[in-house]
Amino acid sequence: MDSKQSVIDYLEQNKDSFVEISNYIWDNPETRFQLKKSADILINALEKAEFRIERNLADMEDAFIGTYGSGSPVIGFLGEYDALSNLSQVANASEKRPLVAGKSGHGCGHNALGTGSLAAAISIKEYMKENNIKGTIKYFGCPAEESGSGKAFMARAGLFDGIDSIITWHPWTENAVWGNSSLANFQVYFNFKGISAHAAAAPEFGRSALDAAELMNVGVNYLREHIIQEARVHYAYMDAGGMSPNVVQPTSSLLYFIRAPKTYQVKEIYDRIVKIAEGAALMTGTKLEIRWDSAASEYIVNESLAKVMYENMKLIGEIEYTSDEMEYAKTYIDSLDEVSKSNSKNSLKNKFKGLSQEELDEVLEMPLTTKLIPYNVTGVAMAGSTDVGDASFNAPTVQLTAACYPAGTSPHSWQWVACGKSSINHKGMMYAAKVMAMTALDLLENPETVKEAKEELNTRLGGEKYKNYIPLDVKPV
């Protein structure tokens, strides 16, 4: 424990500087691939810590890698720092109140995610330097996890090649080792081009692109009956052809998200959707253009690493919150409807099945879930997607969630944005940094674990090679 205690001590002594970075990123929410301010402050911290910086990677100006050391093992930390559009919110306000109406906000905690991984990477670097330990630490600055799949572009460029293990985390409402896979997805635009005409005087001359889009959506809705039940298909109108009903709409555009547990399943569904879109264009006499945005692979769990991480979570113990922090959290739970509160409790009951009724009742009454979720690595796909999957195909990967938000609150909500600069968020971030750093230390000191993790990845893939479905001519936009 002595070596791990030194890492913990370093993080405690320097937590104020990491909190400052997280708050700065929260104060400057940037989306998708335009993340200069967020990337700059992370890079500055890495440069001060003697990391070598590579920037403008995989056609993304604000993607970067910070590297320290040399030789094996090569351990990577994943950092994210993108926000979400239209989620501006006043910090610490317990009601929905945009800071700037229509602007962006950190509704998924990536201000803390990127900073927590940064803290872990720097703390391990300090330990390696002080103790003359060989090995390589890499911090991956990854843009556009939210609807852009920056890591998929990084994987396509080979940036995860040669990495022995990858460590990351995600802010959440609970402390747990991440034990689920995720849904692979394709994000694709279907653009229709028609011919404008006066809708009353000369409709015969028009070819409605809006009709094509609507027919496509109807066709896809019929398709839902004939795809696997785990699949998810959803869409949004990016262009409905204009504001004038008396003009035959000459353009329309749809953005489709197609998800399934395995990438090959997504590809099968996508091929069928393409045929529906082509049929809609034929029926309306319009032209179809298909333009890819991005794609993400399913996440490959790794028990060899998960067991190590879980032991470190047990070693640290529960996050301690003050009574004021508990009251603070309760104000956000009070903002939820009864259905959300009930769903949250049912979810916790399922996760804490082994507890006595008295212990379970205590967990359910807590505004912040302090108790560690029992180890449960299943590999079953959760309902969402993450481009961490593309990294996990290329190197054994492990991640945790840390309690940074009140129980029952939802990602991508104003509640999460509001709590993004709170002390509970900062405590969760530093807890995650300690767990990740301790896990990295175990890998540095136990090469056999790294070997086992690689063997497990090969076994889970069963000979399957990583395939990136994003066409080579598609660049991050």
# chains A, B, ... in the order shown; residues from 1 in each chain; ligands from 1

call {"tool": "closest_atom_pairs", "arguments": {"of": "segment 283-378 of chain A", "to": "segment 249-261 of chain A", "cutoff": "10 Å", "atoms": "only C-alpha atoms", "output": "JSON lines"}}
result
{"residue": "A:Thr286", "atom": "CA", "partner": "A:Pro250", "partner_atom": "CA", "distance": 8.8}
{"residue": "A:Lys287", "atom": "CA", "partner": "A:Thr251", "partner_atom": "CA", "distance": 9.6}
{"residue": "A:Leu288", "atom": "CA", "partner": "A:Ser253", "partner_atom": "CA", "distance": 9.7}
{"residue": "A:Glu289", "atom": "CA", "partner": "A:Ser253", "partner_atom": "CA", "distance": 9.3}
{"residue": "A:Ile290", "atom": "CA", "partner": "A:Ser253", "partner_atom": "CA", "distance": 9.7}
{"residue": "A:Arg291", "atom": "CA", "partner": "A:Leu255", "partner_atom": "CA", "distance": 9.3}
{"residue": "A:Trp292", "atom": "CA", "partner": "A:Leu255", "partner_atom": "CA", "distance": 9.3}
{"residue": "A:Asp293", "atom": "CA", "partner": "A:Leu255", "partner_atom": "CA", "distance": 8.7}
{"residue": "A:Ser294", "atom": "CA", "partner": "A:Phe257", "partner_atom": "CA", "distance": 9.7}
{"residue": "A:Ala295", "atom": "CA", "partner": "A:Phe257", "partner_atom": "CA", "distance": 9.1}
{"residue": "A:Ala296", "atom": "CA", "partner": "A:Arg259", "partner_atom": "CA", "distance": 9.2}
{"residue": "A:Ser297", "atom": "CA", "partner": "A:Pro261", "partner_atom": "CA", "distance": 8.9}
{"residue": "A:Glu298", "atom": "CA", "partner": "A:Pro261", "partner_atom": "CA", "distance": 6.5}
{"residue": "A:Tyr299", "atom": "CA", "partner": "A:Pro261", "partner_atom": "CA", "distance": 9.2}

call {"tool": "residues_around", "arguments": {"residues": "Leu461 of chain A", "least_positions_apart": "3", "cutoff": "12 Å", "atoms": "only C-alpha atoms", "output": "list of chain:residue names"}}
result
A:Lys262, A:Glu298, A:Tyr299, A:Ile300, A:Val301, A:Asn302, A:Ser392, A:Phe393, A:Asn394, A:Ala395, A:Pro396, A:Lys454, A:Glu455, A:Glu456, A:Leu457, A:Asn458, A:Glu464, A:Lys465, A:Tyr466, A:Lys467

call {"tool": "closest_residue", "arguments": {"among": "A:Asp40, A:Glu359, A:Glu54, A:Glu95", "to": "Trp416 of chain A", "atoms": "only C-alpha atoms"}}
result
A:Glu95

call {"tool": "select_by_dssp", "arguments": {"residues": "segment 2-241 of chain A", "states": "strand (DSSP E or B)", "output": "ChimeraX atom specification"}}
result
/A:52-57,60-70,74-80,84,105,135-142,165-172,175-177,181,184-193,195,198,207,232-239

call {"tool": "select_by_dssp", "arguments": {"residues": "segment 260-425 of chain A", "states": "helix (DSSP H, G or I)", "output": "number ranges by chain"}}
result
A: 263-284, 303-316, 323-333, 338-351, 357-365, 388-394, 414-421, 423-425

call {"tool": "residues_around", "arguments": {"residues": "Ala432 of chain A", "least_positions_apart": "4", "cutoff": "7 Å", "atoms": "only C-alpha atoms", "output": "MDAnalysis selection string"}}
result
chainID A and resid 116 169 402 428 436

call {"tool": "residues_around", "arguments": {"residues": "segment 266-282 of chain A", "least_positions_apart": "5", "cutoff": "9 Å", "atoms": "only C-alpha atoms", "output": "ChimeraX atom specification"}}
result
/A:184-186,190,192-193,209,211-217,219-220,223,227,231,258-261,287-288,290,469

call {"tool": "residues_around", "arguments": {"residues": "Leu57 of chain A", "least_positions_apart": "2", "cutoff": "10 Å", "atoms": "only C-alpha atoms", "output": "NGL selection string"}}
result
:A and (54-55 or 59-65 or 141-142 or 153-154 or 157 or 159)

call {"tool": "residues_around", "arguments": {"residues": "Pro203 of chain A", "least_positions_apart": "3", "cutoff": "12 Å", "atoms": "only C-alpha atoms", "output": "PDB file with C-alpha atoms, in the first residue's frame"}}
result
ATOM      1  CA  ILE A 195     -37.325  20.177 -57.529  1.00  0.00           C
ATOM      2  CA  SER A 196     -39.113  23.260 -56.187  1.00  0.00           C
ATOM      3  CA  ALA A 197     -42.368  24.422 -57.710  1.00  0.00           C
ATOM      4  CA  HIS A 198     -45.508  26.343 -56.794  1.00  0.00           C
ATOM      5  CA  ALA A 199     -47.427  23.855 -54.665  1.00  0.00           C
ATOM      6  CA  ALA A 200     -50.830  25.055 -55.935  1.00  0.00           C
ATOM      7  CA  GLY A 206     -42.261  19.691 -58.355  1.00  0.00           C
ATOM      8  CA  ARG A 207     -40.481  16.710 -56.816  1.00  0.00           C
ATOM      9  CA  SER A 208     -40.738  16.819 -53.042  1.00  0.00           C
ATOM     10  CA  PRO A 245     -45.982  25.232 -47.426  1.00  0.00           C
ATOM     11  CA  ASN A 246     -46.837  26.691 -50.845  1.00  0.00           C
ATOM     12  CA  VAL A 247     -43.429  25.654 -52.220  1.00  0.00           C
ATOM     13  CA  VAL A 248     -42.678  22.034 -53.067  1.00  0.00           C
ATOM     14  CA  GLN A 249     -39.743  21.318 -50.781  1.00  0.00           C
TER      15      GLN A 249
END

call {"tool": "closest_residue", "arguments": {"among": "A:Ser335, A:Ser181, A:Lys427, A:Thr397", "to": "Thr378 of chain A", "atoms": "only C-alpha atoms"}}
result
A:Ser181

call {"tool": "residues_around", "arguments": {"residues": "Val308 of chain A", "least_positions_apart": "5", "cutoff": "10 Å", "atoms": "only C-alpha atoms", "output": "ChimeraX atom specification"}}
result
/A:177,303,313,398,435,438-440,442-443,449

call {"tool": "closest_residue", "arguments": {"among": "A:Cys404, A:Phe18, A:Pro367, A:Ser88", "to": "Asp324 of chain A", "atoms": "only C-alpha atoms"}}
result
A:Pro367

call {"tool": "atom_distance", "arguments": {"atom1": "atom CA of Glu311 of chain A", "atom2": "atom CA of Leu441 of chain A"}}
result
12.8 Å
